[in-house]
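S.K.: Data: protein_39.cif, mmCIF, C-alpha atoms and all ligand atoms.
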data_final
loop_
_atom_site.label_atom_id
_atom_site.label_comp_id
_atom_site.auth_asym_id
_atom_site.auth_seq_id
_atom_site.Cartn_x
_atom_site.Cartn_y
_atom_site.Cartn_z
CA MET A 241 26.68 46.20 63.94
CA THR A 242 30.44 45.89 63.50
CA TRP A 243 32.28 49.20 63.01
CA LEU A 244 35.71 49.49 61.45
CA ILE A 245 37.40 52.45 63.10
CA THR A 246 40.28 53.73 60.99
CA GLY A 247 42.76 55.64 63.10
CA GLY A 248 41.37 53.86 66.17
CA ALA A 249 44.80 53.76 67.84
CA GLY A 250 45.04 57.56 67.77
CA TYR A 251 43.99 60.08 70.40
CA ILE A 252 40.45 60.72 69.14
CA GLY A 253 40.05 57.24 67.62
CA ALA A 254 40.79 55.47 70.91
CA HIS A 255 38.01 57.49 72.55
CA VAL A 256 35.62 56.62 69.73
CA VAL A 257 36.45 52.91 70.10
CA ARG A 258 35.64 53.04 73.81
CA ALA A 259 32.42 54.96 73.29
CA MET A 260 31.31 52.49 70.62
CA THR A 261 32.04 49.37 72.67
CA ALA A 262 30.49 50.96 75.78
CA ALA A 263 27.34 51.46 73.68
CA GLY A 264 27.30 47.75 72.81
CA GLU A 265 28.70 48.01 69.27
CA ARG A 266 31.46 45.70 67.99
CA ALA A 267 34.63 47.55 66.96
CA VAL A 268 37.64 46.65 64.82
CA VAL A 269 40.57 49.07 64.65
CA TYR A 270 42.44 49.73 61.40
CA ASP A 271 45.52 51.88 61.92
CA ASP A 272 48.94 52.22 60.27
CA LEU A 273 50.46 53.10 63.66
CA SER A 274 52.26 56.13 62.15
CA THR A 275 51.08 58.16 65.13
CA GLY A 276 48.71 55.68 66.77
CA VAL A 277 49.85 53.39 69.56
CA PRO A 278 48.63 49.79 69.99
CA GLU A 279 48.31 50.22 73.78
CA ARG A 280 45.40 52.58 73.19
CA VAL A 281 43.33 49.76 71.67
CA PRO A 282 41.33 48.03 74.42
CA GLY A 283 41.61 44.27 74.99
CA GLY A 284 39.05 42.34 72.97
CA VAL A 285 39.07 44.83 70.09
CA PRO A 286 40.99 43.49 67.06
CA LEU A 287 43.77 45.74 65.77
CA VAL A 288 44.62 45.45 62.08
CA VAL A 289 47.79 47.31 61.12
CA GLY A 290 47.34 48.73 57.65
CA SER A 291 47.14 51.85 55.53
CA THR A 292 43.98 53.34 54.06
CA LEU A 293 45.93 53.49 50.79
CA ASP A 294 45.92 49.67 50.73
CA GLY A 295 42.60 48.81 49.10
CA GLU A 296 43.15 45.06 48.99
CA ARG A 297 43.87 44.88 52.67
CA LEU A 298 40.84 47.02 53.46
CA ALA A 299 38.63 44.78 51.32
CA ARG A 300 39.87 41.70 53.19
CA VAL A 301 39.29 43.27 56.61
CA LEU A 302 35.77 44.45 55.71
CA ALA A 303 34.89 40.92 54.57
CA GLU A 304 36.64 38.99 57.34
CA HIS A 305 34.99 41.01 60.11
CA SER A 306 31.61 41.39 58.36
CA VAL A 307 31.90 45.16 58.81
CA THR A 308 28.59 47.02 58.52
CA GLY A 309 29.81 50.56 59.23
CA VAL A 310 33.03 52.57 59.10
CA VAL A 311 34.20 55.51 61.21
CA HIS A 312 37.05 57.07 59.26
CA LEU A 313 39.50 59.03 61.40
CA ALA A 314 42.84 57.93 59.93
CA ALA A 315 44.38 61.11 58.51
CA LYS A 316 47.13 63.67 58.83
CA LYS A 317 45.97 66.60 60.96
CA GLN A 318 48.62 69.28 61.36
CA VAL A 319 47.79 72.54 59.65
CA GLY A 320 51.38 73.86 59.48
CA GLU A 321 52.77 70.58 58.20
CA SER A 322 50.10 70.52 55.49
CA VAL A 323 51.38 73.86 54.19
CA GLU A 324 54.91 72.42 53.93
CA GLN A 325 53.90 69.01 52.57
CA PRO A 326 50.62 69.51 50.69
CA LEU A 327 51.03 66.50 48.40
CA ARG A 328 51.45 64.20 51.37
CA TYR A 329 48.18 65.56 52.82
CA TYR A 330 46.32 65.23 49.52
CA ARG A 331 47.59 61.66 49.18
CA GLU A 332 46.86 60.42 52.71
CA ASN A 333 43.68 62.37 53.39
CA ILE A 334 42.04 62.42 49.96
CA GLU A 335 43.50 59.43 48.10
CA GLY A 336 43.31 57.35 51.31
CA LEU A 337 39.61 58.22 51.60
CA ARG A 338 38.96 57.47 47.91
CA VAL A 339 40.52 54.02 48.27
CA LEU A 340 38.52 53.41 51.45
CA LEU A 341 35.25 54.48 49.77
CA ASP A 342 35.98 52.10 46.90
CA ALA A 343 36.37 49.21 49.33
CA VAL A 344 33.38 50.31 51.42
CA THR A 345 31.01 50.45 48.46
CA ALA A 346 32.32 47.19 46.96
CA ALA A 347 31.70 45.47 50.31
CA GLN A 348 28.24 47.07 50.55
CA VAL A 349 28.97 48.59 53.93
CA ALA A 350 25.85 50.51 55.01
CA SER A 351 27.20 53.55 56.89
CA LEU A 352 30.21 55.83 57.07
CA VAL A 353 31.08 58.51 59.63
CA PHE A 354 33.79 60.88 58.37
CA SER A 355 36.08 62.92 60.59
CA SER A 356 35.90 66.47 59.22
CA SER A 357 37.00 69.72 60.81
CA ALA A 358 36.09 73.33 61.51
CA ALA A 359 39.14 73.99 59.30
CA VAL A 360 36.75 73.67 56.32
CA TYR A 361 35.38 77.13 57.22
CA GLY A 362 38.75 78.91 57.08
CA MET A 363 38.36 82.43 58.51
CA PRO A 364 34.60 82.70 59.15
CA ASP A 365 33.41 86.22 59.83
CA VAL A 366 30.33 85.27 61.86
CA ALA A 367 29.55 85.03 65.58
CA LEU A 368 28.33 81.44 65.30
CA VAL A 369 29.39 79.14 62.49
CA THR A 370 26.47 77.13 61.10
CA GLU A 371 26.75 74.30 58.62
CA GLU A 372 25.53 76.78 55.99
CA THR A 373 28.46 79.16 56.59
CA PRO A 374 30.56 79.14 53.39
CA CYS A 375 33.44 76.66 53.39
CA LEU A 376 36.60 78.54 52.41
CA PRO A 377 39.55 76.59 53.84
CA ILE A 378 42.88 78.41 54.01
CA SER A 379 45.27 75.46 54.42
CA PRO A 380 45.87 72.25 52.48
CA TYR A 381 44.72 70.43 55.61
CA GLY A 382 41.35 72.21 55.55
CA GLU A 383 41.11 71.61 51.80
CA THR A 384 41.61 67.87 52.29
CA LYS A 385 38.76 67.81 54.81
CA LEU A 386 36.42 69.75 52.53
CA ALA A 387 37.31 67.60 49.50
CA GLY A 388 36.85 64.55 51.74
CA GLU A 389 33.31 65.69 52.51
CA TRP A 390 32.62 66.02 48.78
CA LEU A 391 33.85 62.47 48.16
CA VAL A 392 31.76 61.13 51.04
CA ARG A 393 28.52 62.89 50.07
CA ALA A 394 28.88 62.12 46.36
CA THR A 395 29.46 58.44 47.13
CA GLY A 396 26.46 58.38 49.45
CA ARG A 397 24.22 59.90 46.78
CA ALA A 398 25.50 57.52 44.09
CA THR A 399 25.37 54.30 46.11
CA GLY A 400 22.96 54.76 49.00
CA LEU A 401 25.76 54.67 51.60
CA SER A 402 24.50 56.51 54.72
CA THR A 403 27.00 59.24 55.61
CA ALA A 404 27.79 61.68 58.39
CA CYS A 405 30.52 64.33 58.12
CA LEU A 406 31.36 65.57 61.61
CA ARG A 407 33.14 68.93 61.72
CA TYR A 408 35.17 68.91 64.92
CA PHE A 409 35.95 72.21 66.61
CA ASN A 410 38.88 72.42 69.11
CA VAL A 411 39.24 69.03 70.77
CA ALA A 412 40.81 68.70 74.25
CA GLY A 413 40.76 66.49 77.35
CA ALA A 414 40.90 62.73 77.88
CA ALA A 415 38.72 59.96 79.30
CA SER A 416 41.69 58.73 81.35
CA PRO A 417 45.36 59.77 81.62
CA GLU A 418 46.67 57.00 79.35
CA LEU A 419 44.34 58.11 76.54
CA ALA A 420 45.51 61.74 76.58
CA ASP A 421 46.82 63.44 73.46
CA THR A 422 50.59 62.93 73.27
CA GLY A 423 51.08 65.55 70.54
CA VAL A 424 52.07 69.11 71.46
CA PHE A 425 50.39 70.92 68.58
CA ASN A 426 47.45 72.72 70.18
CA LEU A 427 46.93 75.41 72.80
CA VAL A 428 46.39 73.21 75.89
CA PRO A 429 49.47 70.95 75.53
CA MET A 430 51.58 73.87 74.27
CA VAL A 431 50.78 75.80 77.45
CA PHE A 432 51.52 72.70 79.57
CA GLU A 433 54.89 72.38 77.86
CA LYS A 434 55.87 75.98 78.52
CA LEU A 435 54.79 75.82 82.16
CA THR A 436 56.70 72.57 82.68
CA GLU A 437 59.82 74.22 81.25
CA GLY A 438 59.35 77.08 83.73
CA ALA A 439 58.66 79.45 80.84
CA PRO A 440 55.65 81.74 80.41
CA PRO A 441 52.94 80.49 78.04
CA ARG A 442 52.57 82.45 74.84
CA VAL A 443 49.50 84.29 73.60
CA PHE A 444 49.71 84.54 69.82
CA GLY A 445 48.34 88.04 69.36
CA ASP A 446 46.25 90.19 71.71
CA ASP A 447 44.98 92.76 69.22
CA TYR A 448 42.16 90.75 67.66
CA PRO A 449 38.65 92.26 67.55
CA THR A 450 37.48 90.11 70.49
CA PRO A 451 36.53 91.13 74.06
CA ASP A 452 40.04 90.58 75.50
CA GLY A 453 41.92 90.89 72.20
CA THR A 454 42.86 87.19 72.03
CA CYS A 455 41.43 84.54 69.70
CA VAL A 456 38.18 82.84 70.65
CA ARG A 457 37.57 79.14 70.01
CA ASP A 458 34.97 76.48 70.78
CA TYR A 459 36.65 73.75 72.86
CA ILE A 460 35.03 70.32 72.97
CA HIS A 461 35.87 67.44 75.32
CA VAL A 462 37.06 64.37 73.42
CA VAL A 463 34.62 62.20 75.41
CA ASP A 464 31.70 64.31 74.15
CA LEU A 465 33.12 64.19 70.63
CA ALA A 466 33.37 60.39 70.83
CA GLU A 467 29.75 60.20 71.98
CA ALA A 468 28.71 62.28 68.97
CA HIS A 469 30.18 59.54 66.78
CA VAL A 470 28.08 56.90 68.53
CA ALA A 471 24.98 59.03 68.13
CA ALA A 472 25.73 59.57 64.42
CA ALA A 473 26.41 55.86 63.91
CA ARG A 474 23.05 55.04 65.50
CA VAL A 475 21.15 57.53 63.33
CA LEU A 476 22.84 56.27 60.15
CA SER A 477 22.09 52.64 60.99
CA ALA A 478 18.44 53.44 61.57
CA SER A 479 18.00 55.39 58.32
CA PRO A 480 19.58 54.06 55.13
CA GLY A 481 20.55 56.69 52.57
CA ARG A 482 20.88 59.41 55.21
CA GLU A 483 23.27 62.34 54.70
CA LEU A 484 24.38 64.40 57.69
CA THR A 485 26.88 67.28 57.88
CA LEU A 486 27.23 68.52 61.45
CA ASN A 487 29.29 70.86 63.58
CA ILE A 488 30.55 69.17 66.73
CA GLY A 489 31.21 71.90 69.26
CA ARG A 490 29.67 73.37 72.39
CA GLY A 491 28.51 76.68 70.95
CA GLU A 492 30.50 78.55 73.60
CA GLY A 493 33.48 80.75 72.85
CA VAL A 494 36.51 80.80 75.17
CA SER A 495 39.45 83.15 74.59
CA VAL A 496 43.11 82.18 74.63
CA ARG A 497 43.62 84.35 77.72
CA GLU A 498 40.72 82.68 79.53
CA MET A 499 42.11 79.26 78.64
CA ILE A 500 45.58 80.15 79.92
CA ASP A 501 44.12 81.57 83.16
CA ARG A 502 42.22 78.32 83.73
CA ILE A 503 45.25 76.22 82.88
CA THR A 504 47.47 78.04 85.36
CA ALA A 505 44.77 77.64 88.02
CA VAL A 506 44.43 73.87 87.38
CA THR A 507 48.17 73.20 87.17
CA GLY A 508 49.24 75.41 90.06
CA TYR A 509 51.86 77.21 87.96
CA ASP A 510 51.74 80.97 88.40
CA LEU A 511 53.54 82.14 85.28
CA PRO A 512 51.72 85.01 83.55
CA PRO A 513 51.63 84.66 79.76
CA THR A 514 53.68 86.75 77.38
CA VAL A 515 52.23 88.19 74.21
CA ALA A 516 53.86 86.89 71.02
CA PRO A 517 53.08 88.01 67.46
CA ARG A 518 49.91 86.77 65.76
CA ARG A 519 50.23 83.32 64.19
CA PRO A 520 49.56 83.58 60.44
CA GLY A 521 46.18 82.22 59.40
CA ASP A 522 44.52 82.37 62.83
CA PRO A 523 40.89 83.54 62.64
CA ALA A 524 39.78 85.86 65.47
CA ARG A 525 36.77 83.77 66.40
CA VAL A 526 35.53 80.29 65.47
CA VAL A 527 32.55 79.14 67.53
CA ALA A 528 30.05 76.52 66.43
CA SER A 529 26.35 76.65 66.31
CA ALA A 530 25.69 73.21 67.80
CA ASP A 531 21.96 73.31 67.10
CA ARG A 532 21.89 70.99 64.11
CA ALA A 533 23.83 68.22 65.89
CA ALA A 534 21.41 68.51 68.82
CA ALA A 535 18.39 68.30 66.51
CA GLU A 536 19.68 65.49 64.27
CA LEU A 537 21.48 63.36 66.83
CA GLY A 538 19.84 64.25 70.13
CA TRP A 539 23.44 64.83 71.25
CA LYS A 540 24.82 67.63 73.37
CA ALA A 541 28.24 68.16 74.97
CA ARG A 542 28.25 67.48 78.72
CA HIS A 543 31.79 68.46 79.73
CA ASP A 544 33.12 71.97 80.25
CA VAL A 545 36.53 73.54 79.76
CA GLN A 546 37.48 72.77 83.36
CA ASP A 547 36.97 69.03 82.72
CA MET A 548 39.01 69.26 79.53
CA ILE A 549 41.97 70.99 81.17
CA ALA A 550 41.95 68.87 84.34
CA SER A 551 41.83 65.57 82.44
CA ALA A 552 44.44 66.71 79.90
CA TRP A 553 46.72 67.74 82.78
CA GLU A 554 46.45 64.30 84.39
CA GLY A 555 47.59 62.81 81.08
CA TRP A 556 50.43 65.31 80.81
CA VAL A 557 51.67 64.57 84.35
CA ARG A 558 51.58 60.84 83.59
CA LEU A 559 54.03 61.42 80.73
CA HIS A 560 55.99 64.20 82.49
CA PRO A 561 55.97 63.32 86.22
CA GLU A 562 58.38 66.18 86.91
CA ALA A 563 55.57 68.60 85.96
CA ALA A 564 53.45 67.74 89.01
CA ARG A 565 53.06 70.41 91.69
CA SER A 566 52.29 69.15 95.17
C1 LIG A 601 43.97 77.77 69.47
C2 LIG A 601 44.24 79.24 69.74
C3 LIG A 601 46.24 80.06 68.70
C4 LIG A 601 49.15 77.92 71.21
C5 LIG A 601 43.64 73.88 64.94
C6 LIG A 601 43.27 73.59 63.53
C7 LIG A 601 41.86 73.12 63.48
C8 LIG A 601 41.63 71.96 64.39
C9 LIG A 601 42.09 72.28 65.78
C10 LIG A 601 41.96 69.79 63.41
C11 LIG A 601 44.75 79.99 68.50
C12 LIG A 601 46.33 80.15 70.20
C13 LIG A 601 48.00 78.39 70.60
C14 LIG A 601 49.91 78.80 72.03
C15 LIG A 601 48.32 80.55 71.58
N1 LIG A 601 42.39 70.82 64.00
N2 LIG A 601 47.60 79.68 70.79
N3 LIG A 601 49.46 80.08 72.19
O1 LIG A 601 44.45 76.80 65.39
O2 LIG A 601 42.22 76.99 66.59
O3 LIG A 601 42.79 74.94 65.40
O4 LIG A 601 43.43 72.74 65.73
O5 LIG A 601 40.93 69.61 62.87
O6 LIG A 601 41.60 72.77 62.18
O7 LIG A 601 43.42 74.78 62.76
O8 LIG A 601 43.95 75.39 67.47
O9 LIG A 601 45.00 74.85 69.61
O10 LIG A 601 46.48 75.52 67.66
O11 LIG A 601 45.09 77.23 68.76
O12 LIG A 601 47.98 81.72 71.73
O13 LIG A 601 50.98 78.45 72.59
O14 LIG A 601 45.32 79.30 70.68
O15 LIG A 601 46.86 81.18 68.11
O16 LIG A 601 44.20 81.27 68.54
P1 LIG A 601 43.38 76.17 66.16
P2 LIG A 601 45.19 75.67 68.40
#
Once you've parsed the file, please lay out its structure as structure tokens.

M.R.:
Amino acid sequence: MTWLITGGAGYIGAHVVRAMTAAGERAVVYDDLSTGVPERVPGGVPLVVGSTLDGERLARVLAEHSVTGVVHLAAKKQVGESVEQPLRYYRENIEGLRVLLDAVTAAQVASLVFSSSAAVYGMPDVALVTEETPCLPISPYGETKLAGEWLVRATGRATGLSTACLRYFNVAGAASPELADTGVFNLVPMVFEKLTEGAPPRVFGDDYPTPDGTCVRDYIHVVDLAEAHVAAARVLSASPGRELTLNIGRGEGVSVREMIDRITAVTGYDLPPTVAPRRPGDPARVVASADRAAAELGWKARHDVQDMIASAWEGWVRLHPEAARS
């Protein structure tokens, strides 16, 4: 099988490329390099620089590399930015996917794995989010992921394309320091940044209805997430016409306060957090039921929060050597 990995020069994509090639699959990366970096693409894996809005280019790449499956990760992914620039998100995430699906079906590609998100659930009021929990996204970003799932499933039903929509929960960690997330948009890097500045990390609200009052999330190591893609790709290849929609999480809730405590322990910075106002749109608790992914893929996360923080910190120190504590 040859897999086209859109967004393969990005943080998650680069991990998926490595997991795929380690599993013996051929990979080709398609990335517009808007946030991706070519150095993340391993030697021996072709990198095609292009946009998912460019259908002709996609058609050529699918044919030239005899692509049999696509993992589609190329997308905009910042919730706040999507509120400010919704049309850009609809264009890149929905129109980009529509153009890709057109090329994929014309080329008779057999399988597609789509990068979805827990953001499709919005503010779920349940202890464990299953795939049957109603999807009520509260940001344009979440809407683009839900609409993307509709496009993917409808195309699969109409054409026989095998599809998997993977709903990622809170991704963290790195396989190696040079593959770490370079964006500072999520809790772990935002805490690293504060600590490195010598400032206390911020807890956005401590009056939520949770055991310690801070928000609870389901953190998943990017290496485990990448392996879920390989497992999904294998299942799709073995069963034409398959349709999977799966949560990719660990099924374990960790609070913001617990995360910050672990981060200060790993980094050696002893700066107690300050409590800041709630961030608008933050649900109190979002934790996956990971049962369906286990049943359908035979996949289970292997890495814990400690692994995520320690590996993310190595990546942070590589980029910010002044942050290291002896
Ligand atoms: C986690 C918790 C914050 C920074 C987002 C998207 C989601 C998915 C993952 C892509 C929240 C709190 C954060 C800080 C804090 N993205 N926090 N202090 O919002 O759960 O999920 O990223 O698919 O769709 O919504 O992730 O890492 O931003 O925040 O207290 O300095 O940490 O309020 O409760 P979130 P996050």

S.K.: What are the closest atom pairs, with distances in Å to one decimal, for all residues of chain A lying within 8 Å of ligand LIG 601 (chain A)? Consider all atoms listed in the file, order rows by chain and residue number, and present the result as CSV.

M.R.:
residue,atom,partner,partner_atom,distance
A:Lys317,CA,A:LIG601,C10,5.7
A:Gln318,CA,A:LIG601,N1,6.9
A:Val319,CA,A:LIG601,O7,5.8
A:Ser356,CA,A:LIG601,O5,7.0
A:Ser357,CA,A:LIG601,O5,4.4
A:Ala358,CA,A:LIG601,O6,5.6
A:Ala359,CA,A:LIG601,O6,4.0
A:Val360,CA,A:LIG601,O6,7.7
A:Tyr381,CA,A:LIG601,O6,7.6
A:Gly382,CA,A:LIG601,O6,6.7
A:Arg407,CA,A:LIG601,O5,7.9
A:Tyr408,CA,A:LIG601,O5,6.2
A:Phe409,CA,A:LIG601,C8,6.1
A:Asn410,CA,A:LIG601,C9,4.6
A:Val411,CA,A:LIG601,C9,6.6
A:Phe425,CA,A:LIG601,O10,6.1
A:Asn426,CA,A:LIG601,O9,3.3
A:Leu427,CA,A:LIG601,C4,3.7
A:Val428,CA,A:LIG601,O9,6.6
A:Met430,CA,A:LIG601,O13,4.9
A:Val431,CA,A:LIG601,O13,5.5
A:Pro441,CA,A:LIG601,O13,6.1
A:Arg442,CA,A:LIG601,N3,4.7
A:Val443,CA,A:LIG601,O12,3.5
A:Phe444,CA,A:LIG601,O12,3.8
A:Gly445,CA,A:LIG601,O12,6.8
A:Thr454,CA,A:LIG601,O16,7.0
A:Cys455,CA,A:LIG601,O16,4.4
A:Val456,CA,A:LIG601,O16,6.6
A:Arg457,CA,A:LIG601,O2,6.2
A:Ser495,CA,A:LIG601,C2,7.9
A:Val496,CA,A:LIG601,O14,5.4
A:Arg497,CA,A:LIG601,O12,7.9
A:Ala516,CA,A:LIG601,O12,7.9
A:Arg518,CA,A:LIG601,O15,6.8
A:Arg519,CA,A:LIG601,O15,5.6
A:Asp522,CA,A:LIG601,O16,5.8
A:Pro523,CA,A:LIG601,O16,7.1
A:Ala524,CA,A:LIG601,O16,7.1
A:Val526,CA,A:LIG601,O2,7.5

S.K.: With only C-alpha atoms as the basis for distance, which of A:Asp458, A:Glu372, A:Asp294, A:Glu437 is at the shortest distance from Arg525 (chain A)?

M.R.: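 Counting only C-alpha atoms, the residue closest to Arg525 (chain A) is A:Asp458.
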
S.K.: Interatomic distance between CA of Thr261 (chain A) and CA of Pro286 (chain A)?

M.R.: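 These two atoms are separated by 12.1 Å.
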
S.K.: In Å, with one decimal, what is the gap from CA of His312 (chain A) to CA of Leu244 (chain A)?

M.R.: 8.0 Å

S.K.: Name the residues, using the chain letters and numbers of the file, that sit within 12 Å of (29.3, 68.9, 82.1) when counting only C-alpha atoms, and give them as a list in words.

M.R.: Ile460, His461, Val463, Asp464, Arg490, Lys540, Ala541, Arg542, His543, Asp544, Val545, Gln546, Asp547 and Met548 of chain A

S.K.: So, counting only C-alpha atoms, which residue among A:Ile488, A:Ala398, A:Leu337, A:Met363 is closest to Trp539 (chain A)?

M.R.: A:Ile488

S.K.: Work out how far apart CA of Gly453 (chain A) and CA of Pro374 (chain A) are and give it in Å to one decimal.

M.R.: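 Those two atoms sit 24.9 Å apart.
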
S.K.: Mind checking which residues fall within 12 Å of Ser355 (chain A), counting all atoms listed in the file, ignoring those fewer than 3 positions away in the same chain, and posting them as a VMD selection string?

M.R.: chain A and resid 245 to 248 252 to 253 256 310 to 317 333 337 352 358 to 360 382 384 to 386 388 to 389 392 403 to 409 465 to 466 468 to 469 472 485 to 488

S.K.: Report the centre and edge lengths, in Å to one decimal, of an axis-aligned box enclosing every atom of region 495-512 of chain A listed in the file, padded by 8 Å on each side, as AutoDock Vina command-line options.

M.R.:
--center_x 46.5 --center_y 79.1 --center_z 82.3 --size_x 30.1 --size_y 27.8 --size_z 31.5

S.K.: For Arg502 (chain A), which of A:Ala254, A:Ala550, A:Val527, A:Val349 is the closest residue, counting all atoms listed in the file?

M.R.: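 Going through A:Ala254, A:Ala550, A:Val527, A:Val349 one by one, the smallest distance to Arg502 (chain A) is for A:Ala550.
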
S.K.: List the spatial neighbours of Ser402 (chain A) as an MDAnalysis selection string - criterion: any atom at most 9 Å away, only C-alpha atoms, same-chain residues fewer than 2 positions off excluded.

M.R.: chainID A and resid 350:353 393 396:397 399:400 404 476:477 479:484

S.K.: Do you know which residues lie at most 7 Å from (45.0, 52.8, 59.6), with coordinates as in the file and all atoms listed in the file counted, and could you write them as number ranges by chain?

M.R.: A: 246-247, 270-273, 289-292, 314
